[in-house]
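**Q** target-v8.txt is the file, holding compact mmCIF, C-alpha atoms:
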# COMPACT_ATOMS: atom_id res chain seq x y z
CA MET A 1 29.35 -31.38 -35.78
CA GLY A 2 30.76 -28.23 -37.32
CA VAL A 3 30.49 -26.14 -40.47
CA TYR A 4 33.70 -25.82 -42.49
CA ALA A 5 34.66 -23.97 -45.66
CA VAL A 6 37.21 -25.68 -47.92
CA THR A 7 38.80 -23.95 -50.91
CA GLY A 8 40.35 -25.91 -53.76
CA ALA A 9 37.87 -28.64 -52.91
CA ALA A 10 37.38 -30.05 -56.41
CA SER A 11 40.62 -32.03 -56.51
CA GLY A 12 43.79 -33.04 -54.73
CA MET A 13 44.32 -32.34 -51.05
CA GLY A 14 41.36 -29.97 -50.88
CA ALA A 15 39.00 -32.67 -52.15
CA ALA A 16 40.47 -35.25 -49.78
CA SER A 17 40.07 -32.84 -46.86
CA ALA A 18 36.45 -32.08 -47.75
CA ASP A 19 35.66 -35.79 -48.11
CA ARG A 20 37.18 -36.60 -44.74
CA LEU A 21 35.28 -33.84 -42.96
CA ARG A 22 32.02 -34.96 -44.55
CA ALA A 23 32.70 -38.57 -43.54
CA ALA A 24 33.09 -37.39 -39.95
CA GLY A 25 29.62 -35.83 -40.13
CA HIS A 26 30.55 -32.18 -40.60
CA THR A 27 28.87 -29.77 -43.01
CA VAL A 28 31.34 -28.71 -45.70
CA ILE A 29 30.98 -25.69 -47.95
CA THR A 30 33.22 -26.26 -50.96
CA VAL A 31 34.79 -23.42 -52.91
CA ASP A 32 36.44 -23.97 -56.26
CA LEU A 33 36.94 -22.49 -59.71
CA LYS A 34 34.80 -24.92 -61.72
CA GLU A 35 32.61 -26.91 -59.36
CA GLY A 36 31.49 -26.72 -55.77
CA ASP A 37 28.92 -25.16 -53.50
CA VAL A 38 30.56 -21.84 -54.27
CA VAL A 39 32.05 -21.43 -57.75
CA ALA A 40 34.45 -18.50 -57.77
CA ASP A 41 37.67 -17.41 -59.44
CA LEU A 42 40.10 -16.62 -56.62
CA ALA A 43 42.45 -15.01 -59.14
CA THR A 44 40.18 -11.94 -59.31
CA PRO A 45 39.00 -9.45 -56.67
CA ALA A 46 35.38 -9.99 -57.74
CA GLY A 47 35.76 -13.76 -57.47
CA ARG A 48 37.27 -13.52 -54.01
CA ALA A 49 34.51 -11.17 -52.84
CA ALA A 50 31.90 -13.58 -54.21
CA ALA A 51 33.57 -16.50 -52.42
CA VAL A 52 33.45 -14.62 -49.13
CA ARG A 53 29.84 -13.50 -49.54
CA GLN A 54 28.38 -16.77 -50.78
CA THR A 55 30.20 -18.85 -48.17
CA LEU A 56 28.91 -16.65 -45.37
CA GLU A 57 25.39 -16.89 -46.75
CA ARG A 58 25.55 -20.69 -46.82
CA ALA A 59 27.15 -20.84 -43.37
CA GLY A 60 24.69 -18.46 -41.75
CA ASN A 61 27.62 -16.21 -40.78
CA ARG A 62 29.13 -18.84 -38.49
CA LEU A 63 32.09 -21.06 -39.34
CA ASP A 64 33.70 -23.63 -37.08
CA GLY A 65 36.73 -23.68 -39.31
CA ALA A 66 38.22 -23.34 -42.76
CA VAL A 67 40.74 -25.10 -44.96
CA LEU A 68 42.53 -22.89 -47.47
CA ALA A 69 43.80 -25.48 -49.97
CA ALA A 70 43.29 -23.63 -53.27
CA GLY A 71 46.54 -22.77 -54.99
CA LEU A 72 48.57 -22.86 -58.17
CA GLY A 73 51.95 -24.49 -58.63
CA PRO A 74 55.10 -23.09 -60.24
CA VAL A 75 53.90 -23.11 -63.85
CA PRO A 76 55.98 -20.81 -66.11
CA GLY A 77 53.96 -17.94 -67.53
CA LYS A 78 51.29 -18.13 -64.80
CA GLU A 79 53.11 -16.08 -62.18
CA GLN A 80 50.52 -13.29 -61.95
CA THR A 81 47.63 -15.70 -61.53
CA LEU A 82 49.65 -17.76 -59.07
CA ALA A 83 50.25 -14.71 -56.88
CA GLN A 84 46.60 -13.70 -56.97
CA VAL A 85 45.34 -17.15 -55.92
CA ASN A 86 48.11 -18.16 -53.52
CA VAL A 87 48.36 -14.84 -51.68
CA ARG A 88 45.19 -12.77 -52.03
CA GLY A 89 43.06 -15.91 -52.35
CA VAL A 90 44.08 -16.78 -48.80
CA ILE A 91 44.33 -13.41 -47.08
CA GLU A 92 41.16 -11.82 -48.45
CA LEU A 93 39.03 -14.87 -47.75
CA LEU A 94 40.29 -15.18 -44.20
CA GLU A 95 39.78 -11.49 -43.52
CA GLY A 96 36.25 -11.75 -44.92
CA TRP A 97 35.45 -14.89 -42.94
CA ARG A 98 37.01 -13.71 -39.68
CA PRO A 99 33.75 -12.50 -38.06
CA ALA A 100 32.08 -15.83 -38.85
CA LEU A 101 35.04 -17.75 -37.42
CA ALA A 102 34.96 -15.56 -34.31
CA ALA A 103 31.22 -16.21 -33.94
CA ALA A 104 31.97 -19.90 -33.34
CA GLY A 105 34.12 -19.02 -30.32
CA ASN A 106 36.52 -21.93 -30.84
CA SER A 107 37.33 -22.19 -34.53
CA LYS A 108 40.36 -23.48 -36.38
CA VAL A 109 41.89 -22.65 -39.75
CA VAL A 110 44.37 -24.70 -41.75
CA VAL A 111 46.19 -22.79 -44.48
CA PHE A 112 48.13 -24.87 -46.99
CA GLY A 113 51.70 -23.69 -47.17
CA SER A 114 54.55 -25.70 -48.66
CA ASN A 115 57.94 -27.10 -47.75
CA SER A 116 59.21 -24.96 -50.65
CA THR A 117 59.25 -22.11 -48.13
CA THR A 118 62.41 -23.57 -46.61
CA THR A 119 63.82 -25.84 -49.33
CA THR A 120 63.89 -23.38 -52.25
CA PRO A 121 67.18 -21.47 -52.03
CA ALA A 122 67.67 -17.76 -52.71
CA VAL A 123 64.00 -16.74 -52.86
CA PRO A 124 63.98 -12.92 -53.04
CA MET A 125 62.62 -11.58 -49.76
CA SER A 126 61.78 -8.36 -51.57
CA ALA A 127 59.12 -10.37 -53.41
CA VAL A 128 57.76 -11.70 -50.12
CA ARG A 129 57.58 -8.19 -48.67
CA ALA A 130 55.81 -6.90 -51.77
CA PHE A 131 53.24 -9.70 -51.60
CA LEU A 132 52.57 -8.93 -47.93
CA ALA A 133 52.22 -5.24 -48.76
CA GLY A 134 49.58 -6.08 -51.37
CA ASP A 135 51.73 -5.09 -54.36
CA LEU A 136 51.51 -8.32 -56.34
CA ASP A 137 52.88 -6.81 -59.54
CA LYS A 138 56.03 -5.73 -57.75
CA GLY A 139 56.33 -9.10 -56.05
CA VAL A 140 56.11 -10.95 -59.35
CA ARG A 141 58.70 -8.64 -60.90
CA ARG A 142 61.11 -9.15 -58.01
CA ALA A 143 60.64 -12.93 -58.07
CA GLY A 144 61.12 -12.99 -61.85
CA ARG A 145 64.43 -11.16 -62.09
CA ILE A 146 66.11 -14.47 -62.89
CA ARG A 147 63.79 -15.62 -65.66
CA PRO A 148 64.44 -19.40 -65.50
CA ALA A 149 63.61 -19.28 -61.79
CA ALA A 150 60.59 -16.97 -62.08
CA ALA A 151 57.93 -19.63 -61.54
CA PRO A 152 59.54 -21.51 -58.61
CA PHE A 153 60.62 -18.24 -56.95
CA THR A 154 57.12 -16.76 -57.29
CA TYR A 155 55.58 -19.93 -55.91
CA ALA A 156 57.93 -20.14 -52.93
CA ALA A 157 57.61 -16.40 -52.24
CA SER A 158 53.81 -16.68 -52.29
CA LYS A 159 53.89 -19.49 -49.74
CA ILE A 160 56.42 -17.68 -47.54
CA ALA A 161 54.20 -14.60 -47.64
CA VAL A 162 51.05 -16.41 -46.50
CA THR A 163 53.02 -18.31 -43.86
CA HIS A 164 54.36 -15.03 -42.45
CA TRP A 165 50.88 -13.51 -42.62
CA VAL A 166 49.40 -16.41 -40.69
CA ARG A 167 52.11 -16.39 -38.01
CA ARG A 168 51.91 -12.62 -37.54
CA ASN A 169 48.14 -12.56 -37.29
CA ALA A 170 47.61 -15.83 -35.45
CA VAL A 171 48.76 -14.37 -32.13
CA THR A 172 46.80 -11.10 -32.29
CA PRO A 173 43.61 -10.13 -30.42
CA ASP A 174 41.62 -10.29 -33.67
CA TRP A 175 42.47 -13.94 -34.14
CA ALA A 176 43.79 -15.81 -31.08
CA GLY A 177 41.99 -13.30 -28.89
CA ALA A 178 38.75 -14.15 -30.69
CA GLY A 179 39.23 -17.89 -30.23
CA ILE A 180 40.45 -18.51 -33.79
CA ARG A 181 43.44 -20.83 -34.23
CA LEU A 182 45.39 -20.10 -37.41
CA ASN A 183 47.99 -22.67 -38.47
CA ILE A 184 49.95 -23.71 -41.55
CA LEU A 185 50.22 -27.21 -43.00
CA ALA A 186 53.28 -27.44 -45.24
CA PRO A 187 53.28 -30.58 -47.41
CA GLY A 188 56.07 -31.71 -49.65
CA ALA A 189 55.47 -33.53 -52.94
CA VAL A 190 52.00 -35.08 -52.81
CA ALA A 191 50.41 -37.19 -55.55
CA THR A 192 47.89 -34.66 -56.89
CA PRO A 193 46.99 -33.28 -60.36
CA LEU A 194 49.34 -30.38 -59.59
CA LEU A 195 52.24 -32.78 -59.08
CA ASP A 196 51.27 -34.68 -62.25
CA THR A 197 51.57 -31.41 -64.19
CA GLN A 198 55.03 -30.80 -62.75
CA LEU A 199 56.16 -34.35 -63.51
CA ALA A 200 55.02 -33.96 -67.12
CA SER A 201 56.85 -30.65 -67.53
CA PRO A 202 60.50 -30.12 -68.52
CA GLU A 203 61.19 -29.92 -64.77
CA GLY A 204 59.86 -33.44 -64.22
CA ASP A 205 63.25 -35.10 -63.75
CA ARG A 206 64.22 -32.48 -61.18
CA VAL A 207 61.02 -33.13 -59.24
CA ARG A 208 61.63 -36.89 -59.28
CA SER A 209 65.22 -36.47 -58.06
CA PHE A 210 64.33 -34.13 -55.18
CA PRO A 211 65.49 -35.68 -51.87
CA VAL A 212 62.72 -37.47 -49.97
CA PRO A 213 64.43 -39.59 -47.27
CA ILE A 214 61.38 -41.81 -46.68
CA GLY A 215 60.91 -42.22 -50.46
CA GLY A 216 58.01 -41.70 -52.83
CA PHE A 217 55.33 -39.03 -52.72
CA GLY A 218 52.72 -38.19 -50.13
CA GLU A 219 49.08 -39.22 -50.50
CA PRO A 220 46.18 -36.72 -50.38
CA ASP A 221 44.19 -38.92 -47.99
CA ARG A 222 47.05 -38.95 -45.49
CA ILE A 223 47.40 -35.16 -45.72
CA ALA A 224 43.65 -34.90 -45.11
CA GLU A 225 44.15 -36.78 -41.85
CA TRP A 226 46.54 -34.04 -40.75
CA VAL A 227 43.96 -31.43 -41.71
CA GLU A 228 41.31 -33.19 -39.65
CA PHE A 229 43.67 -33.37 -36.67
CA MET A 230 44.50 -29.65 -36.94
CA LEU A 231 40.78 -28.85 -36.90
CA SER A 232 40.06 -31.12 -33.93
CA PRO A 233 39.98 -30.38 -30.18
CA ALA A 234 43.46 -31.93 -29.99
CA ALA A 235 44.70 -28.75 -31.70
CA ASP A 236 43.15 -26.31 -29.22
CA PHE A 237 46.66 -25.22 -28.12
CA LEU A 238 48.08 -25.11 -31.66
CA VAL A 239 48.44 -21.48 -32.74
CA GLY A 240 50.69 -19.97 -35.41
CA SER A 241 52.45 -23.26 -36.04
CA VAL A 242 53.92 -24.62 -39.26
CA VAL A 243 53.48 -28.39 -39.54
CA VAL A 244 55.79 -29.84 -42.22
CA VAL A 245 54.70 -33.16 -43.74
CA ASP A 246 57.18 -33.92 -46.52
CA GLY A 247 58.85 -37.27 -46.00
CA GLY A 248 61.94 -35.65 -44.47
CA SER A 249 62.98 -33.33 -47.33
CA GLU A 250 63.06 -30.21 -45.19
CA ALA A 251 65.06 -31.94 -42.46
CA TRP A 252 67.48 -33.26 -45.08
CA PHE A 253 68.38 -29.73 -46.14
CA ARG A 254 67.87 -27.78 -42.90
CA ALA A 255 68.43 -30.21 -40.01
CA VAL A 256 70.55 -27.86 -37.88
CA ASP A 257 69.02 -24.53 -38.90
CA TRP A 258 66.45 -24.61 -36.07
CA PRO A 259 65.50 -24.62 -33.29
CA ARG A 260 67.94 -21.81 -32.50
CA PRO A 261 68.13 -19.51 -29.51
CA VAL A 262 67.31 -15.81 -29.79
CA PRO A 263 70.55 -14.13 -30.96
CA VAL A 264 72.09 -11.40 -28.84
CA ARG A 265 71.26 -8.71 -31.40
CA LYS A 266 67.55 -9.49 -31.00
CA VAL A 267 67.36 -9.69 -27.21
CA LEU A 268 66.17 -6.09 -26.83
CA ARG A 269 63.31 -6.66 -29.26
CA TYR A 270 62.49 -9.91 -27.48
CA VAL A 271 62.28 -8.12 -24.13
CA ARG A 272 60.06 -5.43 -25.64
CA ARG A 273 57.73 -8.08 -27.04
CA MET A 274 57.63 -9.79 -23.66
CA ARG A 275 56.70 -6.58 -21.86
CA SER A 276 54.11 -5.56 -24.43
CA PHE A 277 52.09 -8.75 -24.03
CA ARG A 278 48.74 -8.40 -22.29
CA ARG A 279 46.49 -11.33 -21.46
If you took the structure in this file and wrote it as structure tokens, what would it be?
**A**
Amino acid sequence: MGVYAVTGAASGMGAASADRLRAAGHTVITVDLKEGDVVADLATPAGRAAAVRQTLERAGNRLDGAVLAAGLGPVPGKEQTLAQVNVRGVIELLEGWRPALAAAGNSKVVVFGSNSTTTTPAVPMSAVRAFLAGDLDKGVRRAGRIRPAAAPFTYAASKIAVTHWVRRNAVTPDWAGAGIRLNILAPGAVATPLLDTQLASPEGDRVRSFPVPIGGFGEPDRIAEWVEFMLSPAADFLVGSVVVVDGGSEAWFRAVDWPRPVPVRKVLRYVRRMRSFRR
């Protein structure tokens, strides 16, 4: 049995993931804003540092895996907090936990992304780049240039940023080379308190009318099964992947956008990457 850290564990998909891991006999260290083994505000640098430190203390500096489920949705007026939690609340915790994950020798991390990364049109990539560079203020400003779209653009940009961060780092010596598997789980609309808030907002009708070919909303318990699978030995060869679980929404919009071959203009870079690889 392993030791796992789960953020956002007080409700929704984080709670369902923690419950499922416990039911399988694992030790779970829960991290959340109001209740949990580690109570910390991931919207602040001090809170994130406390979450790293206290989790490592409870884990004895060894983690078999982590689930980064804490996050805020596209609530207007909360863009700054959203960026802090959704971006820095993932990256800083993972960087702080990396030595403990490496100590396990065969650890796995599931970061919650979102299908909004590919179904929200016209998200400013300048915001994504700013988030990845650590300039959250700039990222929020860039995402908020069109005020009515500020919240959904900030949300999607935050999830794109952490997805890019995971994919870039997943294949490096510090992560894959240390036996750590980093992957993204990208749900669509799942019946959680976050979704309830969206449904009760002025955007509720738009959420209800969003295309879901299979119909309805996802269930937290079913998403937790995906989390458990991505932490299991079956996922030993899963590295830097984005697993979309959204009832078909992403495929509805983007069915022929990928897979795509490497375009001619990128062949030289591809060859350089091939030659630079060292086992």
**Q** Which protein, DNA or RNA residues are at most 12 Å from (61.0, -39.6, -60.4) in the file's coordinates when you count all atoms listed in the file, listed as a PDB file with C-alpha atoms, in the coordinates of the input?
**A**
ATOM      1  CA  ALA A 189      55.470 -33.530 -52.940  1.00  0.00           C
ATOM      2  CA  ALA A 191      50.410 -37.190 -55.550  1.00  0.00           C
ATOM      3  CA  LEU A 195      52.240 -32.780 -59.080  1.00  0.00           C
ATOM      4  CA  ASP A 196      51.270 -34.680 -62.250  1.00  0.00           C
ATOM      5  CA  GLN A 198      55.030 -30.800 -62.750  1.00  0.00           C
ATOM      6  CA  LEU A 199      56.160 -34.350 -63.510  1.00  0.00           C
ATOM      7  CA  ALA A 200      55.020 -33.960 -67.120  1.00  0.00           C
ATOM      8  CA  GLU A 203      61.190 -29.920 -64.770  1.00  0.00           C
ATOM      9  CA  GLY A 204      59.860 -33.440 -64.220  1.00  0.00           C
ATOM     10  CA  ASP A 205      63.250 -35.100 -63.750  1.00  0.00           C
ATOM     11  CA  ARG A 206      64.220 -32.480 -61.180  1.00  0.00           C
ATOM     12  CA  VAL A 207      61.020 -33.130 -59.240  1.00  0.00           C
ATOM     13  CA  ARG A 208      61.630 -36.890 -59.280  1.00  0.00           C
ATOM     14  CA  SER A 209      65.220 -36.470 -58.060  1.00  0.00           C
ATOM     15  CA  PHE A 210      64.330 -34.130 -55.180  1.00  0.00           C
ATOM     16  CA  PRO A 211      65.490 -35.680 -51.870  1.00  0.00           C
ATOM     17  CA  VAL A 212      62.720 -37.470 -49.970  1.00  0.00           C
ATOM     18  CA  GLY A 215      60.910 -42.220 -50.460  1.00  0.00           C
ATOM     19  CA  GLY A 216      58.010 -41.700 -52.830  1.00  0.00           C
ATOM     20  CA  PHE A 217      55.330 -39.030 -52.720  1.00  0.00           C
TER      21      PHE A 217
END
**Q** Name all residues at most 9 Å from region 25-41 of chain A (count only C-alpha atoms; drop same-chain ones fewer than 4 positions away) and give them as a PyMOL selection string.
**A** chain A and resi 1-10+14-15+18-21+45-51+54-55+58-59+70+85
**Q** I want to know what sits within 10 Å of Gln80 (chain A), based on all atoms listed in the file, with residues of the same chain fewer than 4 positions away left out; could you give that as a list of chain:residue names?
**A**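 The contact residues come out as A:Ala43, A:Gln84, A:Val85, A:Leu136, A:Asp137, A:Gly139, A:Val140, A:Arg141, A:Ala151, A:Thr154.
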**Q** As number ranges by chain, please: the residues near Arg222 (chain A) (cut-off 12 Å, all atoms listed in the file, same-chain neighbours under 2 positions excluded).
**A** A: 12-14, 16-17, 20, 187, 190-191, 217-220, 224-229, 245-247
**Q** Taking only C-alpha atoms into account, which of A:Ala234, A:Ala157, A:Met274, A:Ala83 comes nearest Thr117 (chain A)?
**A**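 Under the stated criterion, the closest residue is A:Ala157.
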**Q** Select, from A:Ala255, A:Val87, A:Ala24, A:Ala149, the residue with the minimum atom-to-atom distance to Arg129 (chain A), counting all atoms listed in the file.
**A**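 Looking at the shortest contact to Arg129 (chain A), the residue is A:Val87.
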**Q** Hey, can you check how far CA of Leu72 (chain A) sits from CA of Val242 (chain A)?
**A**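 Those two atoms sit 19.7 Å apart.
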**Q** Near Leu93 (chain A), counting all atoms listed in the file, which residues have an atom at most 7 Å away, once you skip same-chain residues fewer than 4 positions from it, shown as a list in words?
**A**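 Selected residues are Arg48, Val52, Gly89 and Trp97 of chain A.
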**Q** Just how far from CA of Ala170 (chain A) is CA of Val239 (chain A), in Å to one decimal?
**A** 6.3 Å
**Q** If we count all atoms listed in the file and set the cut-off at 7 Å, which residues sit around region 101-105 of chain A, ignoring sequence neighbours fewer than 2 positions away in its own chain? Please answer as a list in words.
**A**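 Counting all atoms listed in the file, the residues come to Arg62, Leu63, Asp64, Gly65, Trp97, Arg98, Pro99, Ser107, Ala178, Gly179 and Ile180 of chain A.
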**Q** Looking at A:Arg145, A:Arg53, A:Lys108, A:Arg273, which one is nearest to Pro124 (chain A), with distances taken over only C-alpha atoms?
**A** A:Arg145
**Q** CA of Glu57 (chain A) and CA of His164 (chain A), how far apart in Å?
**A** 29.3 Å
**Q** Around the point (66.3, -30.6, -45.6), in the coordinates given by the file, pick out the residues reaching within 9 Å, counting only C-alpha atoms, and return them as JSON, numbers by chain.
**A** {"A": [118, 119, 211, 212, 248, 249, 250, 251, 252, 253, 254, 255]}
**Q** Will you model N, CA, C and O atoms for region 192-207 of chain A and pass it back as a CSV table (one decimal), keeping the file's coordinate frame?
**A**
chain,number,residue,atom,x,y,z
A,192,THR,N,49.1,-35.4,-56.5
A,192,THR,CA,47.9,-34.7,-56.9
A,192,THR,C,48.0,-34.3,-58.4
A,192,THR,O,49.1,-34.4,-59.0
A,193,PRO,N,46.9,-33.8,-59.0
A,193,PRO,CA,47.0,-33.3,-60.4
A,193,PRO,C,48.1,-32.2,-60.5
A,193,PRO,O,48.7,-32.2,-61.6
A,194,LEU,N,48.3,-31.4,-59.5
A,194,LEU,CA,49.3,-30.4,-59.6
A,194,LEU,C,50.7,-31.0,-59.7
A,194,LEU,O,51.5,-30.6,-60.6
A,195,LEU,N,51.0,-32.1,-59.0
A,195,LEU,CA,52.2,-32.8,-59.1
A,195,LEU,C,52.3,-33.5,-60.4
A,195,LEU,O,53.4,-33.5,-61.1
A,196,ASP,N,51.2,-34.0,-60.9
A,196,ASP,CA,51.3,-34.7,-62.2
A,196,ASP,C,51.7,-33.7,-63.3
A,196,ASP,O,52.5,-34.0,-64.2
A,197,THR,N,51.2,-32.5,-63.2
A,197,THR,CA,51.6,-31.4,-64.2
A,197,THR,C,53.1,-31.1,-64.1
A,197,THR,O,53.7,-31.0,-65.2
A,198,GLN,N,53.6,-31.1,-62.9
A,198,GLN,CA,55.0,-30.8,-62.8
A,198,GLN,C,55.9,-32.0,-63.3
A,198,GLN,O,56.9,-31.7,-63.9
A,199,LEU,N,55.4,-33.2,-63.0
A,199,LEU,CA,56.2,-34.4,-63.5
A,199,LEU,C,56.2,-34.4,-65.0
A,199,LEU,O,57.1,-35.0,-65.6
A,200,ALA,N,55.1,-33.9,-65.7
A,200,ALA,CA,55.0,-34.0,-67.1
A,200,ALA,C,55.7,-32.8,-67.8
A,200,ALA,O,55.8,-32.7,-69.0
A,201,SER,N,56.2,-31.8,-67.0
A,201,SER,CA,56.8,-30.6,-67.5
A,201,SER,C,58.3,-30.9,-67.8
A,201,SER,O,58.9,-32.0,-67.4
A,202,PRO,N,59.0,-30.0,-68.4
A,202,PRO,CA,60.5,-30.1,-68.5
A,202,PRO,C,61.2,-30.2,-67.2
A,202,PRO,O,62.4,-30.7,-67.2
A,203,GLU,N,60.6,-29.8,-66.1
A,203,GLU,CA,61.2,-29.9,-64.8
A,203,GLU,C,60.9,-31.3,-64.1
A,203,GLU,O,61.3,-31.5,-62.9
A,204,GLY,N,60.3,-32.2,-64.8
A,204,GLY,CA,59.9,-33.4,-64.2
A,204,GLY,C,61.0,-34.2,-63.6
A,204,GLY,O,60.9,-34.8,-62.5
A,205,ASP,N,62.1,-34.3,-64.3
A,205,ASP,CA,63.2,-35.1,-63.8
A,205,ASP,C,63.8,-34.5,-62.5
A,205,ASP,O,64.2,-35.2,-61.5
A,206,ARG,N,63.7,-33.2,-62.4
A,206,ARG,CA,64.2,-32.5,-61.2
A,206,ARG,C,63.3,-32.8,-60.0
A,206,ARG,O,63.7,-33.0,-58.9
A,207,VAL,N,62.0,-32.8,-60.3
A,207,VAL,CA,61.0,-33.1,-59.2
A,207,VAL,C,61.2,-34.6,-58.7
A,207,VAL,O,61.2,-34.8,-57.5
